[in-house]
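**Student:** Got a file for you: final16.txt, compact mmCIF, C-alpha atoms and all ligand atoms.
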# COMPACT_ATOMS: atom_id res chain seq x y z
CA MET A 711 91.68 116.10 100.77
CA ILE A 712 94.59 117.18 98.54
CA PHE A 713 97.65 118.00 100.64
CA LEU A 714 100.48 118.32 98.13
CA ASP A 715 100.92 119.37 94.51
CA LEU A 716 104.06 117.86 92.96
CA GLY A 717 103.52 119.73 89.70
CA LEU A 718 103.30 118.54 86.12
CA GLN A 719 104.88 115.11 85.79
CA PRO A 720 105.49 112.65 82.95
CA LEU A 721 104.90 108.89 83.33
CA ALA A 722 107.83 107.80 85.46
CA ASN A 723 109.00 104.59 83.84
CA LYS A 724 108.72 105.82 80.24
CA TYR A 725 112.40 106.43 79.56
CA LEU A 726 112.73 108.22 76.23
CA ASN A 727 114.71 107.22 73.17
CA LEU A 728 116.12 109.91 70.89
CA ASN A 729 112.97 110.00 68.78
CA GLN A 730 110.59 110.20 71.73
CA LYS A 731 112.77 112.88 73.28
CA LYS A 732 111.78 115.22 70.47
CA LYS A 733 108.06 114.56 70.90
CA ARG A 734 105.57 115.84 73.46
CA GLU A 735 105.09 113.55 76.44
CA THR A 736 101.92 112.72 78.33
CA LYS A 737 101.97 114.87 81.46
CA PHE A 738 99.67 115.07 84.44
CA ARG A 739 99.41 116.98 87.69
CA LEU A 740 100.71 114.86 90.54
CA LEU A 741 98.39 115.64 93.43
CA LEU A 742 98.53 113.71 96.71
CA ASP A 743 95.35 112.95 98.57
CA PHE A 744 94.52 111.91 102.13
CA ASN A 745 91.11 110.37 102.61
CA VAL A 746 90.04 111.43 106.09
CA LYS A 747 87.52 108.60 106.30
CA THR A 748 89.51 105.62 104.99
CA LYS A 749 92.93 107.09 106.00
CA ILE A 750 94.26 106.04 102.59
CA VAL A 751 96.96 108.19 100.98
CA SER A 752 96.86 108.06 97.19
CA ILE A 753 97.61 110.01 94.04
CA LYS A 754 94.65 111.75 92.46
CA LYS A 755 95.13 111.15 88.74
CA THR A 756 95.76 107.59 87.63
CA PHE A 757 96.49 105.82 84.36
CA SER A 758 95.36 102.42 83.14
CA SER A 759 97.57 99.41 83.88
CA LYS A 760 97.78 98.83 80.13
CA LYS A 761 99.37 102.22 79.60
CA MET A 762 101.83 101.82 82.47
CA PHE A 763 102.80 98.15 82.28
CA ASP A 764 103.49 97.21 78.70
CA ASP A 765 105.98 95.03 76.82
CA LYS A 766 108.77 97.60 77.13
CA TYR A 767 108.79 97.90 80.90
CA PRO A 768 112.24 99.01 82.12
CA TYR A 769 112.27 97.87 85.76
CA ARG A 770 114.02 94.67 86.82
CA SER A 771 114.00 93.53 90.46
CA SER A 772 117.27 91.64 90.07
CA MET A 773 119.32 94.76 89.38
CA SER A 774 120.36 95.21 92.99
CA LYS A 775 122.08 92.90 95.41
CA THR A 776 119.92 94.29 98.23
CA MET A 777 116.69 93.16 96.54
CA LYS A 778 118.05 89.74 95.61
CA GLU A 779 119.12 89.18 99.21
CA ASN A 780 115.76 90.42 100.49
CA PHE A 781 113.94 87.83 98.36
CA LEU A 782 116.36 85.05 99.22
CA ARG A 783 115.96 85.61 102.96
CA LEU A 784 112.17 85.48 102.73
CA SER A 785 112.30 82.39 100.48
CA ASN A 786 114.50 80.53 102.95
CA ASN A 787 112.17 81.41 105.84
CA LEU A 788 109.10 80.32 103.90
CA LYS A 789 110.73 77.07 102.85
CA LYS A 790 111.45 76.27 106.48
CA LYS A 791 108.05 77.26 107.81
CA TYR A 792 105.70 76.20 105.02
CA LYS A 793 107.08 73.12 103.28
CA HIS A 794 105.94 72.24 99.74
CA LYS A 795 103.24 74.87 99.60
CA LYS A 796 101.80 76.28 96.43
CA ILE A 797 102.89 79.87 95.92
CA LEU A 798 101.38 82.44 93.60
CA GLU A 799 103.26 85.69 93.07
CA ILE A 800 101.42 88.72 91.74
CA GLY A 801 103.89 90.93 89.87
CA CYS A 802 106.77 88.47 89.80
CA ASN A 803 108.89 90.77 87.63
CA ASP A 804 112.04 88.96 86.43
CA GLY A 805 111.62 86.10 88.90
CA ALA A 806 113.96 87.44 91.60
CA PHE A 807 111.78 85.83 94.30
CA LEU A 808 110.32 82.73 92.61
CA LYS A 809 113.67 81.54 91.31
CA ASN A 810 114.44 80.43 94.86
CA PHE A 811 111.69 77.77 94.82
CA ASN A 812 110.97 74.51 93.07
CA ASN A 813 109.22 75.60 89.87
CA ASN A 814 106.53 72.93 90.22
CA ASP A 815 105.15 74.67 93.33
CA THR A 816 104.96 78.19 91.96
CA LEU A 817 103.19 80.40 89.48
CA GLY A 818 104.06 83.99 88.62
CA ILE A 819 101.84 86.73 87.23
CA GLU A 820 103.67 89.43 85.30
CA PRO A 821 101.80 91.58 82.78
CA CYS A 822 104.92 93.16 81.25
CA LYS A 823 105.78 90.65 78.54
CA ASN A 824 109.46 91.57 78.20
CA ILE A 825 109.96 91.15 81.95
CA ALA A 826 107.84 87.95 82.09
CA ASN A 827 110.18 86.47 79.48
CA LEU A 828 113.17 87.14 81.73
CA ALA A 829 111.46 85.14 84.48
CA ARG A 830 110.64 82.34 82.03
CA LYS A 831 114.34 82.11 81.20
CA LYS A 832 114.75 81.08 84.85
CA ARG A 833 112.24 78.27 84.13
CA ILE A 834 109.51 79.92 86.16
CA LYS A 835 105.90 79.39 85.04
CA VAL A 836 104.52 82.84 84.27
CA ILE A 837 101.17 84.11 83.07
CA SER A 838 101.56 87.46 81.37
CA GLU A 839 98.27 89.14 82.28
CA TYR A 840 96.92 91.79 84.63
CA TRP A 841 95.78 90.63 88.05
CA ASN A 842 92.00 90.72 88.48
CA MET A 843 89.03 88.51 89.29
CA SER A 844 88.67 87.00 85.85
CA LEU A 845 92.33 85.95 85.81
CA ALA A 846 91.96 84.50 89.32
CA ASN A 847 88.98 82.44 88.14
CA LYS A 848 90.92 81.18 85.13
CA ILE A 849 93.92 80.21 87.27
CA LYS A 850 91.76 78.50 89.88
CA LYS A 851 90.17 76.32 87.22
CA LYS A 852 93.54 75.21 85.90
CA HIS A 853 95.78 75.18 88.98
CA GLY A 854 93.41 75.05 91.97
CA LYS A 855 93.86 77.18 95.08
CA PHE A 856 97.15 78.42 96.55
CA ASN A 857 98.57 78.32 100.07
CA ILE A 858 100.60 81.49 99.79
CA VAL A 859 99.93 84.56 97.69
CA TYR A 860 102.96 86.83 97.63
CA SER A 861 103.19 90.29 96.16
CA ALA A 862 105.99 92.83 96.49
CA ASN A 863 105.71 96.39 95.24
CA THR A 864 102.74 95.58 93.06
CA ILE A 865 99.45 95.91 94.91
CA THR A 866 99.98 99.66 95.42
CA HIS A 867 100.24 99.87 91.61
CA ILE A 868 96.67 98.64 91.02
CA LYS A 869 93.82 101.10 91.42
CA ASN A 870 90.91 98.77 92.10
CA LEU A 871 91.88 97.35 95.48
CA ASP A 872 88.47 95.74 96.03
CA ASN A 873 88.93 93.68 92.89
CA VAL A 874 92.55 92.85 93.82
CA PHE A 875 91.66 91.45 97.23
CA SER A 876 88.45 89.72 96.15
CA ALA A 877 90.50 87.95 93.48
CA ILE A 878 93.20 86.98 95.99
CA LYS A 879 90.62 85.63 98.43
CA ASN A 880 89.05 83.64 95.66
CA ILE A 881 92.27 81.79 94.92
CA LEU A 882 93.57 81.44 98.49
CA GLU A 883 93.06 78.26 100.55
CA SER A 884 90.99 78.92 103.69
CA ASP A 885 94.11 78.53 105.86
CA GLY A 886 96.32 80.25 103.27
CA ILE A 887 98.25 83.47 103.82
CA ILE A 888 98.90 86.62 101.85
CA ILE A 889 102.31 88.22 102.12
CA MET A 890 102.40 91.70 100.77
CA GLU A 891 105.26 94.18 100.91
CA ASP A 892 105.21 97.80 99.90
CA PRO A 893 106.83 101.11 100.87
CA SER A 894 105.84 102.24 104.36
CA LEU A 895 103.96 105.50 104.72
CA LEU A 896 105.54 105.96 108.15
CA GLU A 897 109.03 105.89 106.63
CA CYS A 898 107.97 108.02 103.69
CA ILE A 899 106.74 110.75 106.03
CA ARG A 900 109.70 110.42 108.40
CA LYS A 901 112.21 110.64 105.56
CA ASN A 902 110.40 113.33 103.57
CA ALA A 903 110.53 110.85 100.72
CA TYR A 904 107.99 112.57 98.50
CA ASP A 905 109.53 110.74 95.55
CA GLN A 906 107.70 107.59 96.68
CA PHE A 907 104.85 109.16 94.74
CA TYR A 908 104.69 108.81 90.98
CA ASN A 909 102.05 107.55 88.55
CA GLU A 910 102.67 103.86 89.34
CA HIS A 911 102.56 104.30 93.11
CA ILE A 912 98.85 104.90 93.35
CA TYR A 913 98.84 104.18 97.10
CA VAL A 914 101.40 104.39 99.88
CA PHE A 915 99.91 102.45 102.77
CA SER A 916 100.01 102.82 106.49
CA LEU A 917 99.09 99.81 108.60
CA ILE A 918 96.22 101.91 109.92
CA ALA A 919 94.71 102.39 106.45
CA LEU A 920 95.45 98.93 105.14
CA SER A 921 94.00 97.06 108.10
CA LYS A 922 90.88 99.22 107.97
CA PHE A 923 90.49 98.42 104.28
CA LEU A 924 91.11 94.69 104.75
CA GLU A 925 88.41 94.44 107.44
CA LYS A 926 85.89 95.05 104.70
CA HIS A 927 87.16 91.92 102.93
CA LYS A 928 87.20 89.86 106.11
CA LEU A 929 90.98 89.74 106.04
CA ARG A 930 93.33 90.67 108.85
CA ILE A 931 97.00 91.45 109.32
CA PHE A 932 98.54 89.04 111.83
CA LYS A 933 102.18 90.08 111.58
CA VAL A 934 104.24 92.84 110.04
CA ASP A 935 107.97 92.96 109.39
CA LYS A 936 109.73 96.25 108.82
CA LEU A 937 112.15 96.06 105.91
CA LYS A 938 114.91 98.41 104.85
CA VAL A 939 114.26 97.94 101.14
CA HIS A 940 112.78 100.65 98.92
CA GLY A 941 113.46 103.29 101.53
CA GLY A 942 111.61 101.44 104.28
CA SER A 943 108.86 98.94 103.54
CA ASN A 944 106.36 96.88 105.47
CA ARG A 945 105.89 93.20 104.85
CA TYR A 946 102.34 92.39 105.94
CA PHE A 947 101.26 88.85 106.72
CA ILE A 948 97.51 88.55 106.17
CA CYS A 949 95.00 85.75 106.70
CA LYS A 950 91.30 85.19 106.29
CA ASP A 951 89.20 86.21 109.31
CA GLN A 952 88.10 82.66 110.01
CA ASN A 953 91.74 81.60 110.32
CA LYS A 954 92.52 81.85 114.02
CA ILE A 955 96.21 82.77 113.75
CA ARG A 956 97.42 84.63 116.83
CA ILE A 957 98.12 88.30 116.14
CA ASP A 958 101.79 89.05 116.61
CA LYS A 959 102.82 92.02 118.76
CA SER A 960 104.54 93.60 115.72
CA VAL A 961 101.07 94.68 114.53
CA LYS A 962 100.26 96.50 117.75
CA ASN A 963 103.74 98.05 117.88
CA LEU A 964 103.60 99.47 114.37
CA ARG A 965 100.09 100.80 114.91
CA LYS A 966 101.34 102.56 118.03
CA GLU A 967 104.21 104.13 116.10
CA GLU A 968 101.89 105.27 113.33
CA MET A 969 99.44 106.76 115.80
CA LYS A 970 102.32 108.58 117.50
CA LEU A 971 103.22 110.17 114.17
CA SER A 972 99.47 110.89 113.66
CA LEU A 973 99.22 109.10 110.34
CA HIS A 974 95.45 109.14 110.85
CA LYS A 975 95.32 112.95 110.82
CA LEU A 976 95.27 115.37 107.88
CA LYS A 977 97.52 117.83 109.72
CA THR A 978 100.44 115.37 109.47
CA TYR A 979 100.25 115.44 105.70
CA GLN A 980 99.88 119.20 105.54
CA ASN A 981 103.06 119.51 107.63
CA PHE A 982 104.78 116.97 105.38
CA ALA A 983 103.86 119.14 102.39
CA LYS A 984 105.55 122.14 103.99
CA ARG A 985 108.72 120.10 104.55
CA VAL A 986 108.66 118.92 100.95
CA ILE A 987 108.59 122.50 99.64
CA ASN A 988 111.61 123.32 101.82
CA SER A 989 113.35 120.17 100.62
CA LYS A 990 112.91 121.29 97.03
CA LEU A 991 114.35 124.76 97.67
CA LYS A 992 117.31 123.36 99.59
CA LEU A 993 118.17 120.77 96.95
CA ILE A 994 118.10 123.34 94.16
CA GLU A 995 120.25 125.64 96.25
CA ILE A 996 122.91 122.93 96.83
CA LEU A 997 123.04 121.92 93.18
CA LYS A 998 123.24 125.52 91.96
CA ARG A 999 125.99 126.33 94.44
CA ILE A 1000 128.09 123.40 93.23
CA LYS A 1001 127.51 124.26 89.57
CA LYS A 1002 128.46 127.88 90.21
CA SER A 1003 131.79 126.71 91.59
CA GLY A 1004 132.46 125.12 88.20
CA LYS A 1005 132.08 121.48 89.32
CA GLN A 1006 130.19 118.82 87.44
CA ILE A 1007 127.26 116.90 88.98
CA ILE A 1008 126.00 113.57 87.74
CA GLY A 1009 123.17 111.32 88.96
CA TYR A 1010 123.38 107.72 90.18
CA GLY A 1011 120.39 105.39 89.71
CA ALA A 1012 117.86 106.67 87.16
CA THR A 1013 114.96 105.62 89.34
CA ALA A 1014 111.28 106.28 88.79
CA LYS A 1015 111.54 108.18 92.08
CA SER A 1016 114.12 110.50 90.50
CA VAL A 1017 111.58 111.42 87.84
CA THR A 1018 109.35 112.91 90.55
CA ILE A 1019 112.22 114.84 92.16
CA LEU A 1020 113.72 116.16 88.94
CA ASN A 1021 110.42 117.29 87.46
CA TYR A 1022 109.12 118.74 90.71
CA CYS A 1023 112.34 120.66 91.34
CA LYS A 1024 112.81 121.43 87.62
CA ILE A 1025 116.32 119.99 87.62
CA ASP A 1026 117.51 119.35 84.07
CA SER A 1027 120.85 118.80 82.33
CA THR A 1028 121.96 122.34 83.12
CA LEU A 1029 122.37 121.09 86.71
CA ILE A 1030 122.88 117.31 86.39
CA ASP A 1031 124.91 116.35 83.31
CA TYR A 1032 123.77 112.73 83.07
CA PHE A 1033 122.67 109.76 85.15
CA LEU A 1034 124.34 106.37 85.54
CA ASP A 1035 122.36 103.16 85.74
CA VAL A 1036 123.01 99.43 85.42
CA THR A 1037 119.65 98.52 83.82
CA PRO A 1038 120.00 97.59 80.12
CA GLU A 1039 116.47 98.88 79.38
CA LYS A 1040 117.41 102.39 80.55
CA MET A 1041 120.69 102.64 78.67
CA ASN A 1042 121.18 105.63 76.36
CA ARG A 1043 117.67 106.80 77.06
CA TYR A 1044 116.53 110.02 78.69
CA LEU A 1045 114.75 110.58 81.98
CA PRO A 1046 111.14 111.53 81.22
CA GLY A 1047 110.20 115.20 81.43
CA VAL A 1048 113.59 116.73 82.21
CA LYS A 1049 115.30 114.67 79.50
CA ILE A 1050 118.61 114.02 81.24
CA LYS A 1051 120.64 111.30 79.49
CA ILE A 1052 121.20 107.90 81.15
CA LYS A 1053 124.62 106.33 80.57
CA ARG A 1054 125.76 102.79 81.12
CA TYR A 1055 127.42 102.29 84.49
CA ASN A 1056 130.84 100.70 84.72
CA LYS A 1057 133.05 100.31 87.73
CA ASN A 1058 135.18 103.29 86.70
CA SER A 1059 132.25 105.59 86.00
CA LEU A 1060 132.98 107.76 89.04
CA LYS A 1061 136.62 108.42 88.16
CA ASN A 1062 137.26 112.20 88.30
CA ILE A 1063 133.63 112.87 89.24
CA HIS A 1064 133.22 115.38 92.06
CA PHE A 1065 129.52 115.30 92.87
CA VAL A 1066 126.90 112.58 92.48
CA PHE A 1067 123.20 113.00 93.16
CA LEU A 1068 121.90 109.76 94.62
CA GLY A 1069 118.73 108.98 92.69
CA ALA A 1070 118.68 105.46 94.12
CA TRP A 1071 118.92 106.69 97.74
CA ASN A 1072 117.07 103.55 98.81
CA PHE A 1073 120.23 101.60 97.91
CA LYS A 1074 122.53 104.07 99.66
CA ASP A 1075 124.42 101.45 101.70
CA GLU A 1076 124.98 99.16 98.73
CA ILE A 1077 126.09 102.01 96.47
CA LEU A 1078 128.37 103.79 98.95
CA LYS A 1079 130.04 100.47 99.69
CA LYS A 1080 130.51 99.77 96.00
CA GLU A 1081 132.00 103.22 95.35
CA LYS A 1082 134.22 103.34 98.47
CA LYS A 1083 137.38 103.80 96.42
CA PHE A 1084 136.07 106.94 94.71
CA ILE A 1085 134.60 108.39 97.89
CA LYS A 1086 138.04 108.04 99.49
CA SER A 1087 139.58 109.97 96.65
CA GLY A 1088 137.07 112.83 96.89
CA THR A 1089 133.80 111.95 95.14
CA LYS A 1090 130.89 113.32 97.14
CA PHE A 1091 127.31 112.05 97.12
CA ILE A 1092 124.30 114.33 97.46
CA THR A 1093 121.01 113.10 98.87
CA HIS A 1094 117.69 114.76 99.63
CA ILE A 1095 116.79 112.17 102.31
CA PRO A 1096 115.75 113.13 104.95
CA THR A 1097 116.88 116.69 104.09
CA PRO A 1098 119.06 117.77 101.17
CA ARG A 1099 122.76 117.57 101.99
CA ILE A 1100 126.15 116.44 100.83
CA ILE A 1101 126.86 113.11 102.53
CA LYS A 1102 129.88 113.41 104.78
P1 LIG B 1 114.35 101.51 92.32
O1 LIG B 1 114.74 102.48 93.37
O2 LIG B 1 113.07 101.87 91.64
O3 LIG B 1 114.42 100.10 92.80
O4 LIG B 1 115.43 101.63 91.14
C1 LIG B 1 116.79 101.48 91.37
C2 LIG B 1 117.54 101.87 90.11
O5 LIG B 1 118.89 102.09 90.42
C3 LIG B 1 117.51 100.80 89.04
O6 LIG B 1 117.37 101.41 87.77
C4 LIG B 1 118.89 100.15 89.15
C5 LIG B 1 119.73 101.30 89.60
N1 LIG B 1 120.93 100.92 90.37
C6 LIG B 1 122.16 101.20 89.82
O7 LIG B 1 122.27 101.71 88.72
N2 LIG B 1 123.28 100.81 90.53
C7 LIG B 1 123.19 100.21 91.75
O8 LIG B 1 124.22 99.89 92.34
C8 LIG B 1 121.89 99.97 92.31
C9 LIG B 1 121.75 99.32 93.64
C10 LIG B 1 120.78 100.34 91.58
Using structure tokens, write down the structure that the file contains.
Ligand code: TMP
**Tutor:**
Amino acid sequence: MIFLDLGLQPLANKYLNLNQKKKRETKFRLLLDFNVKTKIVSIKKTFSSKKMFDDKYPYRSSMSKTMKENFLRLSNNLKKKYKHKKILEIGCNDGAFLKNFNNNDTLGIEPCKNIANLARKKRIKVISEYWNMSLANKIKKKHGKFNIVYSANTITHIKNLDNVFSAIKNILESDGIIIMEDPSLLECIRKNAYDQFYNEHIYVFSLIALSKFLEKHKLRIFKVDKLKVHGGSNRYFICKDQNKIRIDKSVKNLRKEEMKLSLHKLKTYQNFAKRVINSKLKLIEILKRIKKSGKQIIGYGATAKSVTILNYCKIDSTLIDYFLDVTPEKMNRYLPGVKIKIKRYNKNSLKNIHFVFLGAWNFKDEILKKEKKFIKSGTKFITHIPTPRIIK
């Protein structure tokens, strides 16, 4: 059942160069769906992995300190708990996680060739292909089975979940574990973070929906860690049914929280949709008010999430002059759809800037800390999470 229409949207990670800016972009209607039977929340229209994840992919995991620390903490824990185990990472990006291990024990899968090459520069073994059953078979023949399959912010990007998990099971030792982390639906609903939805985020999972789905594959979640990254994520620890690992109380606790917020009911999503419409109106009102007073507004963090917000709220360069970002692949390009320019960040970028819209709100703590000096001298950040406001 469709519960929210986020309007006509371009493909989020297709930042435009000057030439592309002049051309027509692929656009689609971003509709959000709640399946009352499976409890899965997903976007309605999807694109092929080939179209989305190509050799010009602009996202690098290592661009934030928060993400690097997140991966390092997990790596250290795994090294302590599971010594010398074989680890396969699906969607290893630039190697931010695997670089913490001995390269002989690991294998990364990264279909975006430009990003896979960045990981290879860190001496990580990487196969640049899309994850599916035929790849799993090929890997199993050459490398055998793995003890740990890790995947962060990737599985929700692949439409055919049955194929994804069958392939993982195929390559996983019988006592092996899957560690999967992705944005939490609970946090998305709590924070009104409708920008978690764009063409790459095909699913945003609740524990309720994911565990129901995994049952079908004879897999079960035995532990879940709540993470602050990406606006609130869940790190699920999953094993094969036959593996008699004790189920940690974190699973029961999260389920309880999700039930309390009624993540299993359509009404919750219909109410969320109403809050999203209000969020849009309020954000536009704040930006227009500032502009009317003659002050400039810029954006910080040209995230894929920002593409959803800007296009849904129809915020273009008449309201936000330009965005700042640290990612080389985004430099001097334009945000898809609304075509706002992205400029290279430097540590003086906020000098004499009055208002900054926080596109990368998921890195709020890191960014506000970094820009302390400018905030003290009057720069103000604007966020739409959980409701649009100027951060005091
Ligand atoms: P994400 O929310 O999809 O992870 O994207 C975060 C974007 O924000 C990415 O393009 C890097 C950018 N960024 C900055 O430009 N400066 C920063 O300090 C941080 C933390 C992120």
**Student:** Quick one: pull the distance between atom CA of Gly1004 of chain A and atom CA of Phe1091 of chain A, Å, one decimal.
**Tutor:**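 A separation of 16.6 Å between them.
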**Student:** How would you write as a count of residues only the residues that get within 7 Å of (104.1, 95.8, 101.3) in the file's frame, counting all atoms listed in the file?
**Tutor:** 10
**Student:** Counting all atoms listed in the file, which residue out of A:Ile834, A:Met711, A:Ala903, A:Met773 sits closest to ligand LIG 1 (chain B)?
**Tutor:** A:Met773
**Student:** For each of A:Asn814, A:Asn1021, A:Ser989, A:Ser772, take the minimum atom-to-atom distance to ligand LIG 1 (chain B), counting only C-alpha atoms and all ligand atoms, then give the residue where this is smallest.
**Tutor:**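 Among A:Asn814, A:Asn1021, A:Ser989, A:Ser772, it is A:Ser772 that comes nearest to ligand LIG 1 (chain B).
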**Student:** Between A:Phe1065, A:Phe781, A:Phe811, A:Tyr1010, which has the minimum distance to ligand LIG 1 (chain B) (counting only C-alpha atoms and all ligand atoms)?
**Tutor:** A:Tyr1010
**Student:** Could you tell me which of A:Val961, A:Val1017, A:Ile1007, A:Cys822 comes closest to Met762 of chain A if we count only C-alpha atoms?
**Tutor:**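 Selected residue with least distance to Met762 of chain A: A:Cys822.
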**Student:** Skip Ile1063 of chain A itself and residues of its chain fewer than 4 positions away, then list as a PyMOL selection string all residues within 9 Å of it, counting all atoms listed in the file.
**Tutor:** chain A and resi 1005-1008+1059+1084+1088-1090
**Student:** Would you write out those residues with C-alpha atoms, as a tab-separated table (two decimals), in the frame of the given file?
**Tutor:**
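selection36.tsv, written as the output of this step:
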chain	number	residue	atom	x	y	z
A	1005	LYS	CA	132.08	121.48	89.32
A	1006	GLN	CA	130.19	118.82	87.44
A	1007	ILE	CA	127.26	116.90	88.98
A	1008	ILE	CA	126.00	113.57	87.74
A	1059	SER	CA	132.25	105.59	86.00
A	1084	PHE	CA	136.07	106.94	94.71
A	1088	GLY	CA	137.07	112.83	96.89
A	1089	THR	CA	133.80	111.95	95.14
A	1090	LYS	CA	130.89	113.32	97.14
**Student:** Identify, on the basis of all atoms listed in the file, every residue whose closest approach to Ser921 of chain A does not exceed 7 Å; exclude the query and any residue fewer than 4 positions from it along the same chain; express the result as a PyMOL selection string.
**Tutor:** chain A and resi 917+925+930-931
**Student:** Have a look at A:Lys1001, A:Lys928, A:Lys879, A:Lys1080 and name the one nearest to ligand LIG 1 (chain B); count all atoms listed in the file.
**Tutor:**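 Checking each of A:Lys1001, A:Lys928, A:Lys879, A:Lys1080 against ligand LIG 1 (chain B), counting all atoms listed in the file, the winner is A:Lys1080.
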**Student:** Pick out the closest residue to Leu784 of chain A from this set: A:Leu937, A:Ala1012, A:Ile881, A:Ile955. Count all atoms listed in the file.
**Tutor:**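 Of all the options, A:Leu937 lies closest to Leu784 of chain A.
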**Student:** Report, in Å with one decimal, the straight-line distance from atom CA of Gly941 of chain A to atom CA of Leu976 of chain A.
**Tutor:**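 Between atom CA of Gly941 of chain A and atom CA of Leu976 of chain A the gap is 22.7 Å.
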**Student:** What is the distance between atom CA of Glu779 of chain A and atom CA of Ile889 of chain A, in Å to one decimal?
**Tutor:**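 Between atom CA of Glu779 of chain A and atom CA of Ile889 of chain A the gap works out to 17.1 Å.
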**Student:** Do you know which residues lie at most 10 Å from (103.8, 84.9, 94.9), with coordinates as in the file and all atoms listed in the file counted, and could you write them as an mmCIF file with C-alpha atoms, in the frame of the given file?
**Tutor:**
data_model
loop_
_atom_site.group_PDB
_atom_site.id
_atom_site.type_symbol
_atom_site.label_atom_id
_atom_site.label_comp_id
_atom_site.auth_asym_id
_atom_site.auth_seq_id
_atom_site.Cartn_x
_atom_site.Cartn_y
_atom_site.Cartn_z
ATOM 1 C CA LYS A 796 101.800 76.280 96.430
ATOM 2 C CA ILE A 797 102.890 79.870 95.920
ATOM 3 C CA LEU A 798 101.380 82.440 93.600
ATOM 4 C CA GLU A 799 103.260 85.690 93.070
ATOM 5 C CA ILE A 800 101.420 88.720 91.740
ATOM 6 C CA GLY A 801 103.890 90.930 89.870
ATOM 7 C CA CYS A 802 106.770 88.470 89.800
ATOM 8 C CA GLY A 805 111.620 86.100 88.900
ATOM 9 C CA PHE A 807 111.780 85.830 94.300
ATOM 10 C CA LEU A 808 110.320 82.730 92.610
ATOM 11 C CA THR A 816 104.960 78.190 91.960
ATOM 12 C CA LEU A 817 103.190 80.400 89.480
ATOM 13 C CA GLY A 818 104.060 83.990 88.620
ATOM 14 C CA ILE A 819 101.840 86.730 87.230
ATOM 15 C CA PHE A 856 97.150 78.420 96.550
ATOM 16 C CA ASN A 857 98.570 78.320 100.070
ATOM 17 C CA ILE A 858 100.600 81.490 99.790
ATOM 18 C CA VAL A 859 99.930 84.560 97.690
ATOM 19 C CA TYR A 860 102.960 86.830 97.630
ATOM 20 C CA SER A 861 103.190 90.290 96.160
ATOM 21 C CA ALA A 862 105.990 92.830 96.490
ATOM 22 C CA ILE A 888 98.900 86.620 101.850
ATOM 23 C CA ILE A 889 102.310 88.220 102.120
ATOM 24 C CA MET A 890 102.400 91.700 100.770
#
**Student:** Just want the 6 Å neighbourhood of segment 733-742 of chain A, counted on only C-alpha atoms, with same-chain residues fewer than 3 positions away dropped. Output as a ChimeraX atom specification.
**Tutor:** /A:712-720,730,752-754
**Student:** Might you pull out every residue within 12 Å of Asp764 of chain A, with only C-alpha atoms counted and same-chain residues fewer than 6 positions away left off, and present them as number ranges by chain?
**Tutor:** A: 723-724, 758, 820-826, 838-840
**Student:** Would you put the residues from that selection into a file with C-alpha atoms, as a PDB file, keeping the file's coordinate frame?
**Tutor:**
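Writing done, so here's again_26.pdb:
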ATOM      1  CA  ASN A 723     109.000 104.590  83.840  1.00  0.00           C
ATOM      2  CA  LYS A 724     108.720 105.820  80.240  1.00  0.00           C
ATOM      3  CA  SER A 758      95.360 102.420  83.140  1.00  0.00           C
ATOM      4  CA  GLU A 820     103.670  89.430  85.300  1.00  0.00           C
ATOM      5  CA  PRO A 821     101.800  91.580  82.780  1.00  0.00           C
ATOM      6  CA  CYS A 822     104.920  93.160  81.250  1.00  0.00           C
ATOM      7  CA  LYS A 823     105.780  90.650  78.540  1.00  0.00           C
ATOM      8  CA  ASN A 824     109.460  91.570  78.200  1.00  0.00           C
ATOM      9  CA  ILE A 825     109.960  91.150  81.950  1.00  0.00           C
ATOM     10  CA  ALA A 826     107.840  87.950  82.090  1.00  0.00           C
ATOM     11  CA  SER A 838     101.560  87.460  81.370  1.00  0.00           C
ATOM     12  CA  GLU A 839      98.270  89.140  82.280  1.00  0.00           C
ATOM     13  CA  TYR A 840      96.920  91.790  84.630  1.00  0.00           C
TER      14      TYR A 840
END
**Student:** Find the spatial neighbours of Ile1030 of chain A, counting all atoms listed in the file, within a cut-off of 12 Å - ignore same-chain residues fewer than 4 positions away - and output them as a PyMOL selection string.
**Tutor:** chain A and resi 994+996-998+1000-1001+1005-1010+1012+1016+1020+1024-1026+1034+1045+1048-1052+1063-1069+1092
**Student:** If the box runs along x, y and z of the file and leaves 4 Å on each side of segment 1007-1023 of chain A, what are its centre and edge lengths in Å, one decimal, as JSON?
**Tutor:**
{"center_x": 118.2, "center_y": 113.0, "center_z": 89.7, "size_x": 26.1, "size_y": 23.3, "size_z": 13.0}
